[in-house]
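*Asks:* Provided herewith: structure.cif, mmCIF, C-alpha atoms.
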```
data_entry
#
loop_
_atom_site.label_atom_id
_atom_site.label_comp_id
_atom_site.auth_asym_id
_atom_site.auth_seq_id
_atom_site.Cartn_x
_atom_site.Cartn_y
_atom_site.Cartn_z
CA MET A 72 -4.35 19.86 -16.29
CA SER A 73 -1.33 22.20 -16.40
CA ILE A 74 -3.34 24.99 -14.73
CA ILE A 75 -3.91 22.67 -11.74
CA ALA A 76 -0.17 21.98 -11.59
CA LEU A 77 0.56 25.73 -11.66
CA ILE A 78 -1.97 26.40 -8.90
CA THR A 79 -0.61 23.61 -6.70
CA ALA A 80 2.93 24.88 -7.31
CA ALA A 81 1.84 28.38 -6.28
CA ILE A 82 0.22 26.97 -3.13
CA SER A 83 3.48 25.17 -2.32
CA GLY A 84 5.26 28.51 -2.69
CA ILE A 85 2.84 30.04 -0.20
CA PHE A 86 3.51 27.13 2.16
CA MET A 87 7.28 27.63 1.75
CA ALA A 88 7.07 31.31 2.71
CA ILE A 89 4.94 30.48 5.75
CA GLN A 90 7.18 27.54 6.68
CA GLY A 91 10.32 29.66 6.39
CA SER A 92 8.78 32.29 8.65
CA LEU A 93 7.65 29.73 11.23
CA ASN A 94 11.00 27.94 11.15
CA THR A 95 12.82 31.24 11.60
CA ALA A 96 10.65 32.10 14.61
CA LEU A 97 11.40 28.66 16.08
CA GLY A 98 15.11 29.07 15.29
CA LYS A 99 15.26 32.34 17.21
CA ILE A 100 14.00 30.48 20.27
CA THR A 101 15.77 27.13 19.96
CA GLY A 102 18.73 27.81 17.64
CA LEU A 103 19.15 27.17 13.90
CA LEU A 104 20.28 23.56 13.92
CA GLU A 105 17.89 22.68 16.73
CA ALA A 106 14.95 24.16 14.78
CA THR A 107 16.06 22.30 11.66
CA PHE A 108 16.10 19.04 13.63
CA LEU A 109 12.71 19.69 15.24
CA VAL A 110 11.08 20.61 11.92
CA HIS A 111 12.23 17.35 10.35
CA ILE A 112 11.19 15.23 13.33
CA ILE A 113 7.72 16.81 13.40
CA GLY A 114 7.41 16.48 9.61
CA SER A 115 8.47 12.83 9.75
CA ILE A 116 5.92 12.08 12.46
CA PHE A 117 3.20 13.81 10.45
CA ALA A 118 4.12 11.89 7.27
CA PHE A 119 4.10 8.65 9.28
CA LEU A 120 0.62 9.44 10.63
CA LEU A 121 -0.62 10.11 7.09
CA LEU A 122 0.72 6.70 6.06
CA LEU A 123 -1.00 5.09 9.07
CA VAL A 124 -4.38 6.46 8.06
CA GLY A 125 -3.99 4.92 4.61
CA LEU A 126 -2.67 7.76 2.50
CA GLY A 127 0.28 7.10 0.22
CA GLU A 128 0.90 4.66 -2.60
CA LYS A 129 2.18 1.75 -0.49
CA LYS A 130 5.23 1.17 -2.67
CA PHE A 131 7.77 0.47 0.06
CA ASP A 132 8.68 -2.74 -1.77
CA MET A 133 10.30 -0.50 -4.41
CA LEU A 134 12.79 1.09 -1.97
CA LEU A 135 15.77 -0.90 -3.21
CA LYS A 136 14.97 -0.16 -6.85
CA ALA A 137 15.47 3.60 -6.53
CA PRO A 138 18.90 4.94 -7.53
CA TRP A 139 21.11 5.76 -4.52
CA TYR A 140 21.19 9.50 -5.25
CA THR A 141 17.40 9.78 -4.94
CA TYR A 142 17.82 9.33 -1.18
CA LEU A 143 19.92 12.49 -0.85
CA GLY A 144 16.76 14.62 -0.72
CA GLY A 145 16.54 14.20 3.05
CA ILE A 146 20.06 15.52 3.49
CA LEU A 147 19.33 18.40 1.14
CA GLY A 148 16.13 19.08 3.10
CA VAL A 149 18.16 19.62 6.27
CA GLY A 150 20.40 22.06 4.41
CA ILE A 151 17.41 23.83 2.88
CA VAL A 152 15.62 24.38 6.19
CA TYR A 153 18.83 25.53 7.89
CA LEU A 154 19.76 27.96 5.11
CA VAL A 155 16.21 29.33 4.78
CA VAL A 156 16.05 30.03 8.52
CA PHE A 157 19.48 31.68 8.38
CA SER A 158 18.65 33.87 5.36
CA ILE A 159 15.17 34.96 6.47
CA ASN A 160 16.63 35.98 9.81
CA LYS A 161 19.19 38.21 8.04
CA ILE A 162 17.30 39.71 5.07
CA GLY A 163 13.57 39.07 5.63
CA VAL A 164 11.01 36.76 4.09
CA ALA A 165 10.47 38.55 0.75
CA SER A 166 14.15 39.01 -0.12
CA ALA A 167 15.11 35.52 1.03
CA THR A 168 12.19 33.90 -0.79
CA THR A 169 13.01 35.76 -4.01
CA ALA A 170 16.66 34.71 -3.78
CA ILE A 171 15.53 31.14 -3.08
CA ILE A 172 13.35 31.22 -6.19
CA VAL A 173 16.26 32.54 -8.29
CA GLY A 174 18.39 29.66 -7.01
CA GLN A 175 15.61 27.14 -7.64
CA VAL A 176 14.95 28.36 -11.16
CA SER A 177 18.67 28.49 -11.99
CA MET A 178 19.18 24.89 -10.90
CA ALA A 179 15.90 23.82 -12.49
CA MET A 180 17.05 25.26 -15.83
CA VAL A 181 20.30 23.30 -15.59
CA ALA A 182 18.43 20.11 -14.62
CA ASP A 183 15.97 20.62 -17.48
CA HIS A 184 18.63 21.43 -20.05
CA PHE A 185 20.80 18.42 -19.27
CA GLY A 186 17.94 16.06 -18.32
CA LEU A 187 19.48 15.44 -14.90
CA PHE A 188 18.14 12.83 -12.48
CA GLY A 189 16.39 10.88 -15.23
CA LEU A 190 14.20 13.79 -16.30
CA GLU A 191 13.38 14.62 -19.90
CA SER A 192 15.64 17.29 -21.40
CA VAL A 193 14.09 20.74 -21.90
CA PRO A 194 16.74 22.97 -23.55
CA PHE A 195 17.53 26.57 -22.59
CA ASN A 196 16.19 29.36 -24.75
CA TYR A 197 16.55 33.14 -24.67
CA TRP A 198 13.12 33.62 -23.08
CA LYS A 199 14.02 31.40 -20.14
CA ILE A 200 17.35 33.15 -19.64
CA GLY A 201 15.59 36.52 -19.84
CA GLY A 202 13.03 35.37 -17.26
CA LEU A 203 15.82 34.25 -14.94
CA LEU A 204 17.59 37.60 -15.31
CA LEU A 205 14.33 39.42 -14.49
CA LEU A 206 13.91 37.23 -11.40
CA ALA A 207 17.45 38.05 -10.32
CA ALA A 208 16.79 41.76 -10.89
CA GLY A 209 13.67 41.45 -8.74
CA ALA A 210 15.68 39.83 -5.96
CA TRP A 211 18.20 42.66 -6.13
CA LEU A 212 15.44 45.29 -6.05
CA LEU A 213 13.84 43.67 -2.99
CA LEU A 214 17.16 43.89 -1.14
CA LYS A 215 17.27 47.67 -1.68
CA ARG A 216 15.96 49.45 1.40
#
```
Here is the file; what I need is its structure written in the form of structure tokens.

*Replies:*
Amino acid sequence: MSIIALITAAISGIFMAIQGSLNTALGKITGLLEATFLVHIIGSIFAFLLLLVGLGEKKFDMLLKAPWYTYLGGILGVGIVYLVVFSINKIGVASATTAIIVGQVSMAMVADHFGLFGLESVPFNYWKIGGLLLLAAGAWLLLKR
């Protein structure tokens, strides 16, 4: 089952690179904050339509049981889209995406190590730190022109 999770994660990475490129193209036409707003409106409408056709788990009765901080994802999503559009516009898709991955993995390692957000703790080890350093080196190499 873990191979399926890795494949779906890789597909999401492909989607992120495409999305960042599309959002950047939209941002050049409409402006950064305007593109960020439009992307979230369109995404919300699409998610709503998926719910209307019967997809989803229908657990809206659990809304009040979720911890308050779990609702901050929407705010972070606005920041993510804005910052991705900004960075791709300045340094290109490959460099920006690599830097994004370094940031994601860095924070993921902290979240794993400390078991943040109710997740099970997965401690640091030298291999993980080495992998992160190699990712960071790759990001630096991609910025070299």

*Asks:* Which is closer to Tyr153 of chain A than all the others in A:Leu190, A:Ile112, A:Ala106, A:Met133, using all atoms listed in the file?

*Replies:*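 Closest candidate: A:Ala106.
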
*Asks:* For the structure shown, which residues end up in the PyMOL selection byres ((chain A and resi 109) around 12)? Put them as an NGL selection string, please?

*Replies:* :A and (93-94 or 97-98 or 100-108 or 110-116 or 149 or 152-153)

*Asks:* Between atom CA of Ser166 of chain A and atom CA of Ala96 of chain A, measure the distance and give it in Å to one decimal.

*Replies:*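 The value is 16.6 Å.
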
*Asks:* A:Ile89, A:Gly127, A:Ser177, A:Phe188: which is nearest Leu143 of chain A, counting all atoms listed in the file?

*Replies:*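 Of the candidates, the smallest distance to Leu143 of chain A is held by A:Phe188.
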
*Asks:* Just how far from atom CA of Ala81 of chain A is atom CA of Lys99 of chain A, in Å to one decimal?

*Replies:*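 These two atoms are separated by 27.3 Å.
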
*Asks:* By how many Å are atom CA of Leu121 of chain A and atom CA of Ile172 of chain A apart?

*Replies:* 28.6 Å

*Asks:* As JSON, please report the centre and edge lengths, rounded to one decimal in Å, of the axis-aligned box that holds all listed atoms of segment 206-210 of chain A with 6 Å of padding on each of the six sides.

*Replies:*
```
{"center_x": 15.6, "center_y": 39.5, "center_z": -8.7, "size_x": 15.8, "size_y": 16.5, "size_z": 17.4}
```

*Asks:* Expand the PyMOL selection byres ((chain A and resi 180) around 12) into the individual residues it matches in the shown file, reporting them as JSON, numbers by chain.

*Replies:* {"A": [172, 173, 174, 175, 176, 177, 178, 179, 181, 182, 183, 184, 185, 186, 187, 190, 191, 192, 193, 194, 195, 196, 197, 198, 199, 200, 202, 203]}

*Asks:* Write out as a ChimeraX atom specification which residues come within 8 Å of Ala210 of chain A when counting only C-alpha atoms, dropping same-chain ones fewer than 3 positions away.

*Replies:* /A:166,169-170,173,206-207,213-214

*Asks:* Which residues would end up in the selection if the PyMOL selection byres ((chain A and resi 155) around 9) were applied here, given that I need the answer as a PDB file with C-alpha atoms, keeping the file's coordinate frame?

*Replies:*
```
ATOM      1  CA  GLY A  91      10.320  29.660   6.390  1.00  0.00           C
ATOM      2  CA  SER A  92       8.780  32.290   8.650  1.00  0.00           C
ATOM      3  CA  ASN A  94      11.000  27.940  11.150  1.00  0.00           C
ATOM      4  CA  THR A  95      12.820  31.240  11.600  1.00  0.00           C
ATOM      5  CA  GLY A 150      20.400  22.060   4.410  1.00  0.00           C
ATOM      6  CA  ILE A 151      17.410  23.830   2.880  1.00  0.00           C
ATOM      7  CA  VAL A 152      15.620  24.380   6.190  1.00  0.00           C
ATOM      8  CA  TYR A 153      18.830  25.530   7.890  1.00  0.00           C
ATOM      9  CA  LEU A 154      19.760  27.960   5.110  1.00  0.00           C
ATOM     10  CA  VAL A 156      16.050  30.030   8.520  1.00  0.00           C
ATOM     11  CA  PHE A 157      19.480  31.680   8.380  1.00  0.00           C
ATOM     12  CA  SER A 158      18.650  33.870   5.360  1.00  0.00           C
ATOM     13  CA  ILE A 159      15.170  34.960   6.470  1.00  0.00           C
ATOM     14  CA  ASN A 160      16.630  35.980   9.810  1.00  0.00           C
ATOM     15  CA  ALA A 167      15.110  35.520   1.030  1.00  0.00           C
ATOM     16  CA  THR A 168      12.190  33.900  -0.790  1.00  0.00           C
ATOM     17  CA  ILE A 171      15.530  31.140  -3.080  1.00  0.00           C
TER      18      ILE A 171
END
```

*Asks:* Closest to Met87 of chain A among A:Leu147, A:Ser73, A:Tyr142, A:Ala165, using all atoms listed in the file?

*Replies:*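 So, comparing all the options, the nearest one is A:Ala165.
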